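Novice: One structure coming up, written as structure tokens, with questions to follow.
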Amino acid sequence: MSTTSVDAHGHSNNHAGHGYGDNNQLYVHFHRDDYGSKFGMWLFLFTEVLLFGGLFILYYGYRIAYPHDYHNAAMELNIVMGAVNTLVLLTSSLTMVLSIVALRRESIKTSLFYLVITFGFGATFCVNKYFEWSAKIHHGIFPGSMELKETRPAGEVVFFGLYYLMTGLHTFHVIVGMVIMVFCFIFIKTGTINPKKYIVLENAGLYWHLVDLIWIFLFPLFYLLH
Amino acid sequence: MSMNTTTNKNYTNFFQIKTKHKGLLAWLLTTDHKRIGIMYLVSILSFFLLGLTAAFMMRLEMLTPGQTISFIDAQTYNSFFTLHGMIMVFLFIIPGIPAVFGNFFLPLQIGADDVAFPRINLLSYYLYLAGAFLALYAIIFQTHIDTGWTFYVPYSLRTGTDVTLPLIAAFILGFSSIVTGLNFITTIHRMRIKGMTMFQMPLFSWSLYSTAWIQVLATPIIGITIVLVLLERTYKFGIFDPTMGGDPVLYQHLFWIYSHPAVYIMAIPAFGVISDVVATFSRKSIFGYKVMAYSTMSIAFIGYLVWAHHMFTSGMSDTARTVFSFLTFFVAIPTGVKVFNWVATLWRGTIVMSSPMLMALSAIFLFSIGGLTGLHLGSISTDVHLHDTYFVIAHFHYVIIGGILSMFIAAMHFWFPKMFGRMHNEKVAKVGVVMYFIGANVLYFPMFIMGYMGMPRRYFDYLPEFQIYHVVSTVGSWILITAILLMFTNLLIAIFKGKPAGSNPWGAKTLEWTMPSPPPLLNFIDTPVPSKDPYDYSDHDERIFRDLKNKENIINQENS
Amino acid sequence: MSGHNENTSVDKHEHVPSYGKNVMIWLALVALTALTVTVASVNLGNYTFFVAMLIASIKAMLVINIFMHIKYDDILMKSILIACGLVFAVIIIMYSFDLFNTYTG
């Protein structure tokens, strides 16, 4: 008994079941709890929702405080850029789902293909965002800039502050999602994720959809309400 | 489950088990919830003693008007209350009961072999440790942070002291708290033993469930707020800075949207411990079990409706002040239900005056004082007068010291035999409890009077007319600290010299008492059979009670 | 050893989603995006905000229900989602009590 090894005890997504045999010998076996993993993932997504929730509360508060400044500032954002990014993210959400569907139908190659496409869309989003931000910074609109401090009313300063914070935090999540996809790609290649055991890919998908979900609200709030 | 079925079996407990790692690493890399619980206990108590030292110094400084101790000037005093507040709030009382006793006993109470995500559980511990050391490093070695634990803007944006590190620390600690909460919710839904429904869980598990929801759904708000203050300090986004269009009141909203529910993160697990202790030592099922479970959940929910009662003097609109003040009174309903149910459980029970029971009774009394004076602060008219005075300090210390810290200590005594397999000296523990009760009252009651007379909180100096109250209060702090140290020493000695406790020294009914003490590595040797009522004492007869009494007498005789 | 009351089976995914349905949902999302951009250029006065949020909410419902397949999940998963939404809604409503009376009163 005293030499019992418990290497197998405790895996983040699988917990080890166990029992004692006839001669009081410890044995360890696995059983997976995919439902539990997904449940935990949803709880994590809630924390993400409320993390952004804090920013949405700020956006809402200052929107009521400075309706006209919000209105004017929103005019300066590029709707085309925003709309293109919306389409990019929506499509990436679709390809993410298709990657899971393909894996469950045991066509690993198709699954990998869709995953790469999704990654590509994520990258496109970031590049787009880079150009959008560069243009703004080029016009002297960035946190703490002279342009904002000297010439703009308080509401516009706050609007652009929130614009950088919320889209910035969102883009950060896009990048994290892309890193997760790289891991998923490797795991599918090595067979850790397979048609029988795809919960990791499913959770990655949930995360990616959340990123999409947040953008669905950010887009009208910043680009369209003028 | 008979209490002696498993005691004689040959088994290896979780302290002795060999793993692939040796020595200290076997602890540091463990995913066993019991070892993680013990590690939390050691770290949390160390930080608690540090916070206690800061409190002791502050009380000593307040003994006379002006500077009393040579090395504590006004600026040092400011950093002392920041140190005290940050350590006690973020490092001790918020993680406190869930991280230590939740980790150790949640799986045992629901018949599981571990939490749902054991490795994430270990991650949570290291996040806690990282946050703790970062905060301590920043406060003690770097600069004298003087913002208080609330980091109110605009002062926290402008202060010359470096609040960046403590803010990062608070963010990491918040993340640790979220991860623990997430783990517990999943554990309760997925790992309950077959045959145990939600409404057959012990109330301590219920309290952890409700706490975990607050941890998951409130902590992210403070997380983003902290990030915003950090960014605002560095990049001038203008979100909170009033010179750039920001609104400091909005910071306070976001801060209290988390920090008010956080009060229930501290309190609800303590309520859970009281429920378990009161039922066990009354040898009776808890009165109104379902109502207790519901009230636990409703306190968590109502916590989201009342946050702005911390901001009555911050310049909110009158409508908001009225609404929040009105809703605040609703917290008293589920809390009152709990107090009545505990008292009703005592009625016609076979009461055993053990040290945890004595502490629970003292906690019900002290907590009632703390809770009822909360109503004075919850109604606008009186709050405007009492806001930021010693009355507030007295109120929340009655709640925290009287209701929560005392239940942390009661939990230590209650579950000590299970965790370490040994009995502590009950006589000494009871003396400690009585001293604790006296000390807490002597320390905090004068503060109510001072506060009512207008003594503001966080002040280094005061008018001579307040001195008599400050002197009484400081003497109280000595009694309280002696009591705490007495009880801790008693337990520490018992770890090495205590008599073997057996599997169920208290004659309790919940599942953690069906296994030998200390628990085996994988918890249950025989599959436990949960009963319909977690506190089913219907088969209780005088024999168990007598056994307990005899054991107590033997231990006491041998100790004296 | 540890029992599971809800969903004892390890893998409970009766519903295998199809390619077609997801593509349809994507088309609907694109259409709604086009709609919201179009509506934005029309001046609806005070309703602009609500229309934009309504369309965004419909899109969000589609993503949550189909892409994140909450629709096919059990009651527990649905209820925790509702609980989270409820808490956020409560925070927004409670905050509004201060907001509208401070800035517009």
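By order in the structure tokens, chains are A, B, ...; within a chain, residues start at 1; ligands start at 1, following the order shown.
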Could you pull out all residues of stretch 194-281 of chain B with a DSSP call of alpha helix (DSSP H) and give them as a PyMOL selection string?

Specialist: chain B and resi 203-235+248-281

Novice: With only C-alpha atoms as the counted atoms, please give the residues lying no more than 9 Å from A:Ile108, apart from itself and same-chain residues fewer than 3 positions off, as a PyMOL selection string.

Specialist: chain A and resi 99+102-105+111-113+188-189+194-195

Novice: May I ask which of the residues A:Leu225, A:Leu58, A:Leu206, A:Leu90 is the closest one to A:Leu43, counting only C-alpha atoms?

Specialist: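 Looking only at the distances to A:Leu43, the closest residue turns out to be A:Leu206.
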
Novice: Write out as a ChimeraX atom specification each polymer residue whose atoms come within 10 Å of B:Thr510, counting only C-alpha atoms; drop sequence neighbours fewer than 2 positions from it.

Specialist: /B:1,108-111,201-202,276,280,507-508,512-514,530-531,533-536

Novice: Take the selection from the previous step and output its residues with C-alpha atoms, as a PDB file, in the first residue's frame.

Specialist:
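The resulting file, selection-v4.pdb, is reproduced below:
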ATOM      1  CA  MET B   1     -22.849   4.475   8.841  1.00  0.00           C
ATOM      2  CA  LEU B 108     -15.434  14.694   1.727  1.00  0.00           C
ATOM      3  CA  GLN B 109     -18.885  16.033   2.532  1.00  0.00           C
ATOM      4  CA  ILE B 110     -20.312  15.140  -0.864  1.00  0.00           C
ATOM      5  CA  GLY B 111     -18.564  11.776  -1.100  1.00  0.00           C
ATOM      6  CA  MET B 201     -25.849  18.150   0.934  1.00  0.00           C
ATOM      7  CA  PRO B 202     -24.613  19.430   4.291  1.00  0.00           C
ATOM      8  CA  ASP B 276     -22.859  22.218  10.683  1.00  0.00           C
ATOM      9  CA  THR B 280     -23.809  18.400  15.297  1.00  0.00           C
ATOM     10  CA  GLY B 507     -20.449  12.005  16.943  1.00  0.00           C
ATOM     11  CA  ALA B 508     -21.232  14.004  13.787  1.00  0.00           C
ATOM     12  CA  GLU B 512     -16.466  13.326   6.268  1.00  0.00           C
ATOM     13  CA  TRP B 513     -16.780  11.609   9.653  1.00  0.00           C
ATOM     14  CA  THR B 514     -17.303   8.153   8.168  1.00  0.00           C
ATOM     15  CA  PRO B 530     -25.603   9.282   2.146  1.00  0.00           C
ATOM     16  CA  SER B 531     -28.704   9.587   4.280  1.00  0.00           C
ATOM     17  CA  ASP B 533     -31.141  14.130   5.830  1.00  0.00           C
ATOM     18  CA  PRO B 534     -27.471  15.128   6.182  1.00  0.00           C
ATOM     19  CA  TYR B 535     -28.035  15.748   9.890  1.00  0.00           C
ATOM     20  CA  ASP B 536     -29.990  12.615  10.659  1.00  0.00           C
TER      21      ASP B 536
END

Novice: What is the atom CA of A:Gly140 to atom CA of A:Phe52 distance in Å?

Specialist: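 It comes out at 26.3 Å.
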
Novice: Mind running chain B against chain A at 6 Å and telling me each contacting residue's nearest atom pair with the distance in Å (one decimal), counting only C-alpha atoms, chain and number ascending, as CSV?

Specialist:
residue,atom,partner,partner_atom,distance
B:Lys18,CA,A:Thr3,CA,5.9
B:Thr19,CA,A:Ser5,CA,5.5
B:Phe117,CA,A:Ser12,CA,4.8
B:Pro118,CA,A:Gly10,CA,5.3
B:Arg119,CA,A:Ser12,CA,5.2
B:Val216,CA,A:Thr47,CA,6.0
B:Pro220,CA,A:Leu51,CA,4.7
B:Ile221,CA,A:Gly54,CA,5.3
B:Ile224,CA,A:Leu51,CA,5.6
B:Lys236,CA,A:Gly144,CA,5.1
B:Phe237,CA,A:Gly161,CA,4.8
B:Gly238,CA,A:Val158,CA,5.7
B:Ile239,CA,A:Val158,CA,5.8
B:Met244,CA,A:Ala154,CA,5.7
B:Gly245,CA,A:Ala154,CA,4.4

Novice: Select, as a list in words, those residues of chain B with any atom no more than 8 Å from chain C (distances computed using only C-alpha atoms).

Specialist: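 Residues satisfying the distance criterion: Gly111, Ala112, Asp113, His189, Arg190, Met191, Arg192, Ile193, Lys194, Gly195, Met196, Thr197, Leu217, His253, Ile257, Tyr304, Leu305, Met316, Ser317, Asp318, Thr319, Ala320, Arg321, Val323 and Thr527 of chain B.
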
Novice: Would you compute the distance between atom CA of B:Met515 and atom CA of B:Arg283? Give it in Å to one decimal.

Specialist: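 A separation of 19.6 Å between them.
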
Novice: As an exercise, work out the distance from atom CA of B:Val475 to atom CA of B:Thr373 in Å and give it to one decimal place.

Specialist: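 Computed distance, atom CA of B:Val475 to atom CA of B:Thr373, equals 22.8 Å.
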
Novice: Can you tell me, as a short mmCIF file (atom, residue, chain, number, x, y, z; two decimals) with N, CA and C atoms, in the first residue's frame, what residues are no more than 9 Å from C:Leu29 when counting only C-alpha atoms, ignoring any on the same chain fewer than 3 positions away?

Specialist:
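And here's part19.cif as it stands now:
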data_model
loop_
_atom_site.label_atom_id
_atom_site.label_comp_id
_atom_site.auth_asym_id
_atom_site.auth_seq_id
_atom_site.Cartn_x
_atom_site.Cartn_y
_atom_site.Cartn_z
N LEU A 87 -17.83 40.72 -40.37
CA LEU A 87 -18.01 39.58 -41.27
C LEU A 87 -16.89 38.56 -41.08
N LEU A 90 -17.63 36.63 -37.87
CA LEU A 90 -18.79 35.75 -38.01
C LEU A 90 -18.41 34.51 -38.81
N MET C 24 -26.55 27.95 -42.79
CA MET C 24 -27.78 28.76 -42.79
C MET C 24 -27.72 29.84 -41.70
N ILE C 25 -27.30 29.43 -40.54
CA ILE C 25 -27.22 30.38 -39.43
C ILE C 25 -26.23 31.49 -39.77
N TRP C 26 -25.12 31.09 -40.39
CA TRP C 26 -24.11 32.09 -40.77
C TRP C 26 -24.72 33.10 -41.74
N LEU C 32 -28.24 39.91 -40.98
CA LEU C 32 -28.54 40.81 -39.87
C LEU C 32 -27.49 41.91 -39.76
N THR C 33 -26.23 41.56 -40.04
CA THR C 33 -25.17 42.58 -40.03
C THR C 33 -25.45 43.64 -41.08
N ALA C 34 -25.82 43.18 -42.30
CA ALA C 34 -26.16 44.11 -43.37
C ALA C 34 -27.31 45.00 -42.93
N ILE C 58 -30.40 39.56 -31.26
CA ILE C 58 -30.85 38.43 -32.08
C ILE C 58 -29.64 37.65 -32.59
N LYS C 59 -28.63 38.41 -33.04
CA LYS C 59 -27.41 37.73 -33.52
C LYS C 59 -26.78 36.92 -32.39
N LEU C 62 -28.57 33.69 -31.78
CA LEU C 62 -28.24 32.67 -32.79
C LEU C 62 -26.90 32.02 -32.48
N VAL C 63 -25.91 32.85 -32.18
CA VAL C 63 -24.57 32.30 -31.90
C VAL C 63 -24.62 31.39 -30.67
#

Novice: Here is a test: counting only C-alpha atoms, which residue of B:Ala270, B:Ile393, B:Leu377, B:Val249 is nearest to B:Arg458?

Specialist: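 Of B:Ala270, B:Ile393, B:Leu377, B:Val249, the one nearest B:Arg458 is B:Ile393, counting only C-alpha atoms.
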
Novice: Pick the closest to chain A from C:Ile82, C:Ile70, C:Ile92, C:Val42: which is it, counting only C-alpha atoms?

Specialist: C:Ile92
